[in-house]
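Structure first, then comments.
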Amino acid sequence: MDFKLPEGIEAWNAAGDDYLPGRLGMRFSKVEADEVIAELDVSTALKAWNGFLHAGTVVALADTACGYGALKCLPEGSSGFTTVELKSNHLGTAQEGTIRCVARPIHLGRTTQVWDAEITSDQTAKIIAHFRCTQMVLWPRG
């Protein structure tokens, strides 16, 4: 990789400040190889016009959590990763409060990683979405 991984949770949070995670207000409380935990406060800007949390907001939170985990788990010598597939099943929604994502790896290979995430609402304590993504590990050309 051409960049150094953040060290400590404050550095992981700061790394996203100028990018989508920071713009949406994502906060990470854990970024480890076996689990990533992130939260996001529901606001009007993150909802659809009907007043419910936009599905894209949920997907962005889950994909970012899985992506931070993928970075943490990249094989030695790799140059990065890219998401090649993602799927989400939305079982509920939120209109207020905080949503929480817990992401865990289910496959950490040399060419691909597969991550699962579960998103819950603090208002109902119910699962509002299940998410799965496949990351392709990138290698330097040459």
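Every chain in the structure tokens has a letter given in the order shown (A, B, ...), and although residue numbers restart at 1 in each chain, ligands are simply numbered from 1 in the order shown.
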Please list as JSON, numbers by chain every residue within 9 Å of Leu24 (chain A), counting only C-alpha atoms and excluding residues in the same chain fewer than 3 positions away. {"A": [19, 20, 21, 40, 41, 45, 46, 57, 60, 61]}
Determine, counting only C-alpha atoms, which protein, DNA and RNA residues have an atom within 9 Å of an atom of Cys133 (chain A); residues of the same chain fewer than 5 positions away are not included. Present the result as a PyMOL selection string. chain A and resi 63+66+83-88+113-117
Sel. of strand (DSSP E or B) residues, region 17-86 of chain A, as a ChimeraX atom specification: /A:27-31,36-41,47,53,80-86
So which one's closest to Phe131 (chain A), A:Arg110, A:His54, A:His90, A:Arg23? Using only C-alpha atoms, please.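 Distance minimum relative to Phe131 (chain A) lands on A:His90.
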I need the residue nearest Val137 (chain A) from this list: A:Ala48, A:Cys73, A:Ala15, A:Val59. Use only C-alpha atoms for the distance.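 Of all the options, A:Cys73 lies closest to Val137 (chain A).
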What does the distance between CA of Glu39 (chain A) and CA of Ala62 (chain A) come to in Å, to one decimal place? 9.8 Å
Polymer residues at most 9 Å from region 28-37 of chain A, only C-alpha atoms, same-chain spacing of 5 or more positions, as a VMD selection string: chain A and resid 8 to 10 12 to 13 65 to 66 68 to 73 100 to 105 117
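Reported to one decimal place, the separation of CA of Ser79 (chain A) from CA of Leu108 (chain A) is 15.5 Å.
Across A:Gly92, A:Pro75, A:Gly67, A:Gly51, the tightest approach to Ile128 (chain A) is made by A:Gly92 when counting only C-alpha atoms.
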Using only C-alpha atoms, can you tell me which of A:Gln135, A:Val58, A:Leu53, A:Glu96 comes closest to Ile119 (chain A)? A:Val58
When DSSP works through the backbone of this structure, what residues of chain A end up as helix (DSSP H, G or I), shown as JSON, numbers by chain? {"A": [9, 10, 11, 12, 13, 14, 15, 20, 21, 22, 23, 24, 44, 45, 46, 55, 56, 57, 58, 59, 60, 61, 62, 63, 64, 65, 66, 67, 68, 69, 70, 71, 72]}
